[in-house]
Amino acid sequence: MHVYEDPATWTPEPVRPRWQLVLRFMATVVYVPVLCVVGVATVLAFFAIGLLVEVIAAFSERVEHDFTEFMGRTLDRLGDLASWCVWWPEVRHEGDTDYYRARVDKAVAGWTAAASAPRRPKKAKPPVECAIPLHIYRGVGGSYVAEVALAQGWELRPTDARKEVRLWWAAASHVD
């Protein structure tokens with residue numbers, strides 16, 4: 001966290017009323033299958049249109065680039081439609097700071113294990129950047145994520161703590 005950032009954005013989110021969480025969970029159970037069907041239909045439509053774009057791309061690279069950007073923006077927006085969804089663990093553990101601390105510890109430890117793994121020949125490089133989403137640290141705040149991550153060798157990246165905390169593996173910047 002930088003000194004120019006508002007410390008209030010790094011604090012835990014307020015506890016939501018249980019009745020609201022239960023209603024949102026019930027809506028999630030109905031909404032997510034519909035969203036999955038729409039997502040699959042969108043991907044299939046992009047696949048069909050992509051075949052046509054491949055033919056056109058033989059003559060114009062601009063069309064392929066524009067189609068790829070459009071497809072990326074559309075799929076991102078489709079994923080954002082589920083941002084209000086609430087899952088059962090959130091309903092059960094709303095306000096339980098120990099539960100959220102354990103989630104943050106587990107998430108950061110997983111990213112640390114992946115980033116510190118030795119590089120294998122002919123395999124993808126270990127990740128050097130990650131994002132911890134809000135639903136993981138909701139009950140403890142972004143400051144706890146930063147504290148745990150910094151202790152394990154991560155650096156903070158420019159981030160909006162009301163959505164996610166972005167981290168950079170510090171060891172990746174060192175040349176071996």
# chains A, B, ... in the order shown; residues from 1 in each chain; ligands from 1

$ residues_around --residues "Ala45 of chain A" --least-positions-apart "5" --cutoff "12 Å" --atoms "only C-alpha atoms" --output "NGL selection string"
:A and (38-40 or 50-52 or 71 or 74-75)

$ closest_atom_pairs --of "segment 136-167 of chain A" --to "segment 116-124 of chain A" --cutoff "12 Å" --atoms "only C-alpha atoms" --output "Markdown table"
| residue | atom | partner | partner_atom | distance |
| --- | --- | --- | --- | --- |
| A:Gln152 | CA | A:Ser116 | CA | 10.3 |
| A:Gly153 | CA | A:Ser116 | CA | 9.8 |
| A:Trp154 | CA | A:Ser116 | CA | 10.8 |

$ write_last_selection --atoms "C-alpha atoms" --output "CSV table (one decimal), in the first residue's frame"
chain,number,residue,atom,x,y,z
A,152,GLN,CA,6.6,-14.6,1.7
A,153,GLY,CA,8.6,-12.5,-0.8
A,154,TRP,CA,5.9,-10.8,-2.9

$ closest_residue --among "A:Glu69, A:Glu64, A:Glu54, A:Glu90" --to "Pro17 of chain A" --atoms "only C-alpha atoms"
A:Glu90

$ closest_atom_pairs --of "segment 3-88 of chain A" --to "segment 125-141 of chain A" --cutoff "6 Å" --atoms "only C-alpha atoms" --output "Markdown table"
| residue | atom | partner | partner_atom | distance |
| --- | --- | --- | --- | --- |
| A:Trp10 | CA | A:Gly141 | CA | 5.4 |
| A:Thr11 | CA | A:Gly141 | CA | 4.4 |
| A:Pro12 | CA | A:Gly141 | CA | 3.7 |
| A:Glu13 | CA | A:Arg138 | CA | 5.6 |

$ write_last_selection --atoms "C-alpha atoms" --output "PDB file, in the first residue's frame"
ATOM      1  CA  TRP A  10      -7.507  -1.833   2.577  1.00  0.00           C
ATOM      2  CA  THR A  11      -9.782  -2.610   5.550  1.00  0.00           C
ATOM      3  CA  PRO A  12     -12.191  -5.571   5.788  1.00  0.00           C
ATOM      4  CA  GLU A  13     -15.488  -5.242   3.980  1.00  0.00           C
TER       5      GLU A  13
END

$ residues_around --residues "Thr159 of chain A" --least-positions-apart "3" --cutoff "12 Å" --atoms "only C-alpha atoms" --output "short mmCIF file (atom, residue, chain, number, x, y, z; two decimals) with N, CA and C atoms, in the first residue's frame"
data_model
loop_
_atom_site.label_atom_id
_atom_site.label_comp_id
_atom_site.auth_asym_id
_atom_site.auth_seq_id
_atom_site.Cartn_x
_atom_site.Cartn_y
_atom_site.Cartn_z
N MET A 1 0.85 -1.17 0.00
CA MET A 1 0.00 0.00 0.00
C MET A 1 0.89 1.23 0.00
N HIS A 2 0.58 2.17 -0.87
CA HIS A 2 1.34 3.41 -0.96
C HIS A 2 0.72 4.47 -0.06
N GLU A 5 -2.53 6.29 -1.14
CA GLU A 5 -3.79 5.54 -1.26
C GLU A 5 -4.60 5.67 0.02
N THR A 9 -9.65 1.68 1.95
CA THR A 9 -9.89 0.66 0.93
C THR A 9 -9.19 -0.66 1.26
N TRP A 10 -8.26 -0.64 2.23
CA TRP A 10 -7.51 -1.83 2.58
C TRP A 10 -8.06 -2.53 3.82
N CYS A 130 0.43 -12.41 -9.76
CA CYS A 130 -0.85 -13.03 -9.43
C CYS A 130 -1.80 -11.98 -8.89
N ALA A 131 -3.06 -12.36 -8.79
CA ALA A 131 -4.08 -11.49 -8.23
C ALA A 131 -4.92 -12.31 -7.25
N ILE A 132 -5.07 -11.79 -6.06
CA ILE A 132 -5.90 -12.43 -5.04
C ILE A 132 -7.24 -11.69 -5.07
N PRO A 133 -8.34 -12.36 -5.48
CA PRO A 133 -9.63 -11.68 -5.60
C PRO A 133 -10.27 -11.36 -4.25
N LEU A 134 -11.16 -10.39 -4.26
CA LEU A 134 -11.80 -9.89 -3.05
C LEU A 134 -12.52 -10.98 -2.26
N GLY A 142 -7.54 -6.12 2.45
CA GLY A 142 -6.36 -6.21 1.60
C GLY A 142 -5.06 -6.01 2.35
N ALA A 146 -1.56 -8.13 1.91
CA ALA A 146 -0.26 -7.50 1.70
C ALA A 146 0.74 -7.95 2.76
N GLU A 155 5.86 -8.61 -3.83
CA GLU A 155 5.78 -7.16 -3.83
C GLU A 155 4.38 -6.76 -4.30
N LEU A 156 3.88 -5.66 -3.79
CA LEU A 156 2.58 -5.16 -4.22
C LEU A 156 2.69 -4.49 -5.58
N ARG A 162 -10.47 -2.93 -3.62
CA ARG A 162 -11.90 -3.23 -3.53
C ARG A 162 -12.29 -4.34 -4.50
N LYS A 163 -11.36 -4.77 -5.38
CA LYS A 163 -11.62 -5.85 -6.33
C LYS A 163 -10.64 -7.00 -6.16
N GLU A 164 -9.35 -6.67 -6.06
CA GLU A 164 -8.31 -7.69 -5.96
C GLU A 164 -7.03 -7.04 -5.48
N VAL A 165 -6.10 -7.87 -5.02
CA VAL A 165 -4.76 -7.41 -4.66
C VAL A 165 -3.79 -8.08 -5.62
N ARG A 166 -3.08 -7.27 -6.39
CA ARG A 166 -2.13 -7.79 -7.37
C ARG A 166 -0.74 -7.86 -6.74
N LEU A 167 -0.06 -8.96 -7.02
CA LEU A 167 1.26 -9.20 -6.43
C LEU A 167 2.27 -9.55 -7.51
N TRP A 168 3.54 -9.25 -7.24
CA TRP A 168 4.65 -9.57 -8.13
C TRP A 168 5.67 -10.35 -7.32
#

$ select_by_dssp --residues "segment 14-164 of chain A" --states "strand (DSSP E)" --output "PyMOL selection string"
chain A and resi 129-133+154-156+164

$ write_last_selection --atoms "all heavy atoms" --output "compact mmCIF listing (two decimals), in the first residue's frame"
# COMPACT_ATOMS: atom_id res chain seq x y z
N GLU A 129 3.46 -13.12 -11.45
CA GLU A 129 2.46 -12.14 -11.05
C GLU A 129 1.16 -12.88 -10.77
O GLU A 129 0.83 -13.86 -11.43
CB GLU A 129 2.25 -11.11 -12.17
CG GLU A 129 1.45 -9.93 -11.75
CD GLU A 129 1.45 -8.82 -12.77
OE1 GLU A 129 2.12 -8.92 -13.80
OE2 GLU A 129 0.78 -7.82 -12.51
N CYS A 130 0.43 -12.41 -9.76
CA CYS A 130 -0.85 -13.03 -9.43
C CYS A 130 -1.80 -11.98 -8.89
O CYS A 130 -1.40 -10.86 -8.58
CB CYS A 130 -0.66 -14.16 -8.42
SG CYS A 130 -0.27 -13.61 -6.76
N ALA A 131 -3.06 -12.36 -8.79
CA ALA A 131 -4.08 -11.49 -8.23
C ALA A 131 -4.92 -12.31 -7.25
O ALA A 131 -5.39 -13.39 -7.58
CB ALA A 131 -4.97 -10.93 -9.34
N ILE A 132 -5.07 -11.79 -6.06
CA ILE A 132 -5.90 -12.43 -5.04
C ILE A 132 -7.24 -11.69 -5.07
O ILE A 132 -7.31 -10.50 -4.75
CB ILE A 132 -5.27 -12.33 -3.63
CG1 ILE A 132 -3.82 -12.80 -3.63
CG2 ILE A 132 -6.12 -13.05 -2.61
CD1 ILE A 132 -3.62 -14.27 -3.87
N PRO A 133 -8.34 -12.36 -5.48
CA PRO A 133 -9.63 -11.68 -5.60
C PRO A 133 -10.27 -11.36 -4.25
O PRO A 133 -9.98 -12.00 -3.24
CB PRO A 133 -10.48 -12.66 -6.41
CG PRO A 133 -9.84 -13.98 -6.23
CD PRO A 133 -8.39 -13.74 -5.95
N TRP A 154 6.68 -11.47 -1.81
CA TRP A 154 5.94 -10.82 -2.88
C TRP A 154 6.04 -9.31 -2.73
O TRP A 154 6.25 -8.80 -1.64
CB TRP A 154 4.47 -11.23 -2.85
CG TRP A 154 4.23 -12.66 -3.19
CD1 TRP A 154 4.19 -13.71 -2.32
CD2 TRP A 154 4.01 -13.21 -4.48
NE1 TRP A 154 3.94 -14.88 -3.00
CE2 TRP A 154 3.82 -14.60 -4.33
CE3 TRP A 154 3.94 -12.67 -5.76
CZ2 TRP A 154 3.58 -15.44 -5.40
CZ3 TRP A 154 3.69 -13.52 -6.83
CH2 TRP A 154 3.52 -14.89 -6.65
N GLU A 155 5.86 -8.61 -3.83
CA GLU A 155 5.78 -7.16 -3.83
C GLU A 155 4.38 -6.76 -4.30
O GLU A 155 3.79 -7.45 -5.12
CB GLU A 155 6.80 -6.56 -4.80
CG GLU A 155 8.23 -6.80 -4.43
CD GLU A 155 9.21 -6.30 -5.49
OE1 GLU A 155 8.75 -5.75 -6.53
OE2 GLU A 155 10.41 -6.48 -5.31
N LEU A 156 3.88 -5.66 -3.79
CA LEU A 156 2.58 -5.16 -4.22
C LEU A 156 2.69 -4.49 -5.58
O LEU A 156 3.66 -3.79 -5.86
CB LEU A 156 2.03 -4.15 -3.22
CG LEU A 156 1.48 -4.72 -1.93
CD1 LEU A 156 1.09 -3.58 -0.99
CD2 LEU A 156 0.29 -5.61 -2.19
N GLU A 164 -9.35 -6.67 -6.06
CA GLU A 164 -8.31 -7.69 -5.96
C GLU A 164 -7.03 -7.04 -5.48
O GLU A 164 -6.89 -5.83 -5.52
CB GLU A 164 -8.08 -8.36 -7.32
CG GLU A 164 -7.53 -7.41 -8.37
CD GLU A 164 -7.40 -8.02 -9.74
OE1 GLU A 164 -7.84 -9.15 -9.95
OE2 GLU A 164 -6.85 -7.35 -10.62

$ residues_around --residues "segment 18-28 of chain A" --least-positions-apart "3" --cutoff "7 Å" --atoms "only C-alpha atoms" --output "MDAnalysis selection string"
chainID A and resid 31:32 85:88 91

$ atom_distance --atom1 "atom CA of Ala170 of chain A" --atom2 "atom CA of Arg101 of chain A"
22.6 Å

$ select_by_dssp --residues "segment 4-171 of chain A" --states "helix (DSSP H, G or I)" --output "PyMOL selection string"
chain A and resi 7-10+18-57+61-80+88-93+97-116+134-137+142-151+170-171

$ atom_distance --atom1 "atom CA of Ser143 of chain A" --atom2 "atom CA of Val104 of chain A"
11.0 Å

$ closest_residue --among "A:Ala41, A:Arg103, A:Arg77, A:Thr68" --to "Pro89 of chain A" --atoms "only C-alpha atoms"
A:Arg103

$ atom_distance --atom1 "atom CA of Ala113 of chain A" --atom2 "atom CA of Ala151 of chain A"
13.7 Å
